[in-house]
$ cat coords09.tsv   # TSV, C-alpha atoms
chain	number	residue	atom	x	y	z
A	953	MET	CA	37.94	23.58	95.77
A	954	ARG	CA	35.08	23.51	98.20
A	955	PHE	CA	36.25	20.14	99.55
A	956	LEU	CA	39.79	21.47	100.11
A	957	PHE	CA	38.36	24.43	102.02
A	958	TYR	CA	36.38	21.97	104.17
A	959	ILE	CA	39.57	20.01	104.95
A	960	ILE	CA	41.43	23.16	105.98
A	961	ILE	CA	38.59	24.42	108.19
A	962	THR	CA	38.11	20.98	109.75
A	963	GLY	CA	41.83	20.76	110.44
A	964	LEU	CA	41.89	24.18	112.09
A	965	ILE	CA	38.90	23.32	114.25
A	966	MET	CA	40.47	20.02	115.25
A	967	ILE	CA	43.78	21.64	116.11
A	968	SER	CA	42.23	24.49	118.11
A	969	SER	CA	39.97	22.15	120.08
A	970	SER	CA	42.82	19.77	120.88
A	971	CYS	CA	45.11	22.33	122.53
A	972	ASN	CA	43.74	21.78	126.06
A	973	ASN	CA	43.35	18.02	125.70
A	974	PRO	CA	45.83	15.60	127.31
A	975	ASN	CA	45.77	13.69	124.02
A	976	SER	CA	46.72	16.77	122.00
A	977	GLU	CA	49.82	15.11	120.50
A	978	ILE	CA	47.92	12.06	119.25
A	979	LEU	CA	45.05	14.30	118.09
A	980	SER	CA	47.53	16.18	115.95
A	981	GLU	CA	48.89	12.91	114.55
A	982	ILE	CA	45.39	11.61	113.77
A	983	ASN	CA	44.55	14.91	112.09
A	984	HIS	CA	47.73	14.63	110.02
A	985	GLU	CA	46.74	11.10	108.89
A	986	ILE	CA	43.24	12.29	107.97
A	987	ASP	CA	44.70	15.14	105.91
A	988	ARG	CA	47.24	12.81	104.30
A	989	LEU	CA	44.56	10.31	103.30
A	990	GLU	CA	42.27	13.06	101.97
A	991	ILE	CA	45.07	14.61	99.90
A	992	GLU	CA	46.03	11.23	98.43
A	993	ARG	CA	42.40	10.53	97.58
A	994	LEU	CA	42.20	13.83	95.74
A	995	ALA	CA	45.36	12.90	93.82
A	996	TYR	CA	44.04	9.41	93.06
A	997	THR	CA	42.95	9.11	89.46
A	998	ASN	CA	39.26	8.73	89.05
A	999	VAL	CA	39.02	5.37	87.33
A	1000	ASP	CA	36.52	6.16	84.59
A	1001	SER	CA	34.49	2.99	84.20
A	1002	LEU	CA	32.93	4.23	80.96
A	1003	GLU	CA	36.30	4.94	79.35
A	1004	ILE	CA	37.58	1.55	80.45
A	1005	ALA	CA	34.40	-0.12	79.20
A	1006	ASP	CA	34.94	1.52	75.79
A	1007	ILE	CA	38.54	0.31	75.68
A	1008	ARG	CA	37.51	-3.21	76.70
A	1009	THR	CA	34.75	-3.25	74.04
A	1010	THR	CA	37.27	-2.14	71.41
A	1011	ILE	CA	39.71	-4.84	72.49
A	1012	THR	CA	37.06	-7.57	72.37
A	1013	SER	CA	35.78	-6.46	68.99
A	1014	ASN	CA	39.22	-6.18	67.42
A	1015	TYR	CA	40.45	-9.39	69.02
A	1016	TYR	CA	37.71	-11.43	67.35
A	1017	LYS	CA	38.44	-9.78	64.00
A	1018	ILE	CA	42.13	-10.66	64.41
A	1019	GLY	CA	41.20	-14.30	64.85
A	1020	ASN	CA	40.60	-14.44	61.12
A	1021	LEU	CA	44.17	-13.38	60.37
A	1022	SER	CA	46.79	-16.09	60.03
A	1023	ASN	CA	49.85	-13.85	60.43
A	1024	ASP	CA	52.04	-15.11	63.32
A	1025	SER	CA	53.43	-11.67	64.17
A	1026	ILE	CA	49.97	-10.19	64.60
A	1027	SER	CA	48.78	-13.13	66.70
A	1028	ALA	CA	51.65	-12.52	69.16
A	1029	THR	CA	50.56	-8.89	69.43
A	1030	ALA	CA	46.94	-9.98	69.82
A	1031	ILE	CA	47.76	-12.04	72.89
A	1032	SER	CA	49.31	-9.02	74.62
A	1033	TYR	CA	46.33	-6.99	73.46
A	1034	SER	CA	43.88	-9.40	75.10
A	1035	HIS	CA	45.80	-9.26	78.39
A	1036	ILE	CA	45.04	-5.54	78.61
A	1037	ASP	CA	41.34	-6.41	78.89
A	1038	LYS	CA	42.00	-8.66	81.89
A	1039	SER	CA	44.22	-6.05	83.54
A	1040	LEU	CA	41.61	-3.32	83.13
A	1041	LYS	CA	39.01	-5.58	84.70
A	1042	GLN	CA	41.33	-6.09	87.70
A	1043	ILE	CA	41.96	-2.33	87.94
A	1044	ILE	CA	38.22	-1.64	88.17
A	1045	ARG	CA	37.82	-4.33	90.80
A	1046	MET	CA	40.73	-2.92	92.81
A	1047	ASP	CA	39.32	0.60	92.49
A	1048	LYS	CA	36.03	-0.51	94.08
A	1049	ILE	CA	37.88	-2.14	96.97
A	1050	ILE	CA	40.10	0.91	97.47
A	1051	ARG	CA	37.08	3.21	97.58
A	1052	MET	CA	35.27	1.02	100.12
A	1053	ASP	CA	38.41	0.75	102.28
A	1054	TYR	CA	38.93	4.50	102.04
A	1055	GLN	CA	35.40	5.22	103.29
A	1056	LYS	CA	35.78	2.78	106.16
A	1057	THR	CA	39.22	4.08	107.18
A	1058	ILE	CA	38.37	7.77	107.01
A	1059	LYS	CA	35.35	7.09	109.24
A	1060	GLN	CA	37.55	5.12	111.65
A	1061	LEU	CA	40.05	7.96	111.81
A	1062	TYR	CA	37.32	10.53	112.51
A	1063	ASP	CA	35.84	8.23	115.18
A	1064	LEU	CA	39.28	7.74	116.73
A	1065	TYR	CA	39.79	11.49	116.71
A	1066	SER	CA	36.45	12.01	118.42
A	1067	ASP	CA	37.23	9.37	121.07
A	1068	ALA	CA	40.67	10.88	121.70
A	1069	GLU	CA	39.19	14.36	121.90
A	1070	LYS	CA	36.64	13.20	124.50
A	1071	ASN	CA	39.42	11.28	126.28
A	1072	ILE	CA	37.38	8.05	126.07
A	1073	ILE	CA	40.39	5.81	125.34
A	1074	ASP	CA	43.49	5.73	127.54
A	1075	GLY	CA	46.92	6.70	126.16
A	1076	ALA	CA	48.33	3.21	125.41
A	1077	GLY	CA	45.13	1.92	123.84
A	1078	LEU	CA	44.76	5.09	121.84
A	1079	LYS	CA	48.30	4.80	120.47
A	1080	ASN	CA	47.70	1.14	119.53
A	1081	TYR	CA	44.46	1.98	117.71
A	1082	PHE	CA	46.15	4.87	115.97
A	1083	GLN	CA	49.13	2.75	114.86
A	1084	GLU	CA	46.74	0.22	113.35
A	1085	GLU	CA	44.79	2.94	111.51
A	1086	LYS	CA	48.05	4.48	110.33
A	1087	ARG	CA	49.12	1.09	108.91
A	1088	ILE	CA	45.78	0.71	107.13
A	1089	THR	CA	46.01	4.28	105.79
A	1090	GLU	CA	49.47	3.58	104.37
A	1091	SER	CA	48.18	0.40	102.74
A	1092	ILE	CA	45.33	2.28	101.06
A	1093	ILE	CA	47.67	5.02	99.83
A	1094	GLN	CA	50.07	2.47	98.38
A	1095	ARG	CA	47.22	0.64	96.62
A	1096	MET	CA	45.98	3.96	95.18
A	1097	LYS	CA	49.44	4.68	93.79
A	1098	TYR	CA	49.81	1.15	92.42
A	1099	ASN	CA	46.38	1.22	90.76
A	1100	ASN	CA	47.16	4.62	89.19
A	1101	GLN	CA	50.45	3.34	87.79
A	1102	ARG	CA	48.80	0.22	86.45
A	1103	LEU	CA	46.02	2.18	84.80
A	1104	GLU	CA	48.49	4.52	83.10
A	1105	SER	CA	50.60	1.57	81.97
A	1106	GLU	CA	47.65	-0.37	80.54
A	1107	ILE	CA	46.27	2.65	78.68
A	1108	THR	CA	49.72	3.31	77.19
A	1109	LYS	CA	49.94	-0.35	76.10
A	1110	PHE	CA	46.45	-0.14	74.64
A	1111	ASP	CA	47.28	2.99	72.67
A	1112	SER	CA	50.40	1.35	71.23
A	1113	LEU	CA	48.93	-2.05	70.46
A	1114	ASN	CA	45.60	-0.71	69.22
A	1115	THR	CA	47.38	1.29	66.52
A	1116	ILE	CA	49.18	-1.86	65.35
A	1117	ILE	CA	46.02	-3.97	65.45
A	1118	VAL	CA	43.89	-1.39	63.60
A	1119	ASN	CA	46.55	-0.97	60.93
A	1120	GLN	CA	46.73	-4.73	60.48
A	1121	LEU	CA	42.95	-5.02	60.26
A	1122	ASN	CA	42.79	-2.26	57.66
A	1123	ASN	CA	45.41	-3.93	55.42
$ encode --input "coords09.tsv" --output "structure tokens"
Amino acid sequence: MRFLFYIIITGLIMISSSCNNPNSEILSEINHEIDRLEIERLAYTNVDSLEIADIRTTITSNYYKIGNLSNDSISATAISYSHIDKSLKQIIRMDKIIRMDYQKTIKQLYDLYSDAEKNIIDGAGLKNYFQEEKRITESIIQRMKYNNQRLESEITKFDSLNTIIVNQLNN
């Protein structure tokens, strides 16, 4: 809540200070991109490393227990089960990259805003820099959405397959 208030106040300050600036249009666009990236970051699922570590530990433990079973139908399920572990590892890796890219891009956008506000960069150069930052912002947002979808999908698969595996191990 406090962070959202900060975004709103920052946006109002940026808008009010940009009214007399010849770059006011691009300042408004940069501010919009900053807000858009901040809102998407707030919507981005916090990838809980501990929860994922617990799931991965469960998968590893159960997978080795399954190795003792000779049932072909359970071994086919076990292969899909083991793939979840690899996917979760990739999701964590991607999350770290997304978070680093987010920090770098948000700083770049604020720096670009500051430069535009001080009229340090000319109009054409400013627009080129902004278009590049906008492209990077869109890339980060799309990766956030993709990682969220993947995480949800893998947890759903885990829930389904884990029930089957546990039932098989208990029989």
$ closest_residue --input "coords09.tsv" --among "A:Thr1115, A:Asn983, A:Asn973, A:Gln1042" --to "Ile1058 in chain A" --atoms "all atoms listed in the file"
A:Asn983
$ atom_distance --input "coords09.tsv" --atom1 "CA of Glu1106 in chain A" --atom2 "CA of Tyr996 in chain A"
16.3 Å
$ residues_around --input "coords09.tsv" --residues "Ile1107 in chain A" --least-positions-apart "6" --cutoff "12 Å" --atoms "all atoms listed in the file" --output "count of residues only"
19
$ residues_around --input "coords09.tsv" --residues "Tyr1016 in chain A" --least-positions-apart "6" --cutoff "12 Å" --atoms "only C-alpha atoms" --output "PyMOL selection string"
chain A and resi 1009-1010+1027+1030-1031+1033-1034+1117+1121
$ atom_distance --input "coords09.tsv" --atom1 "CA of Lys1048 in chain A" --atom2 "CA of Arg988 in chain A"
20.2 Å
$ closest_residue --input "coords09.tsv" --among "A:Phe1110, A:Pro974, A:Glu992, A:Ala1028" --to "Lys1070 in chain A" --atoms "all atoms listed in the file"
A:Pro974
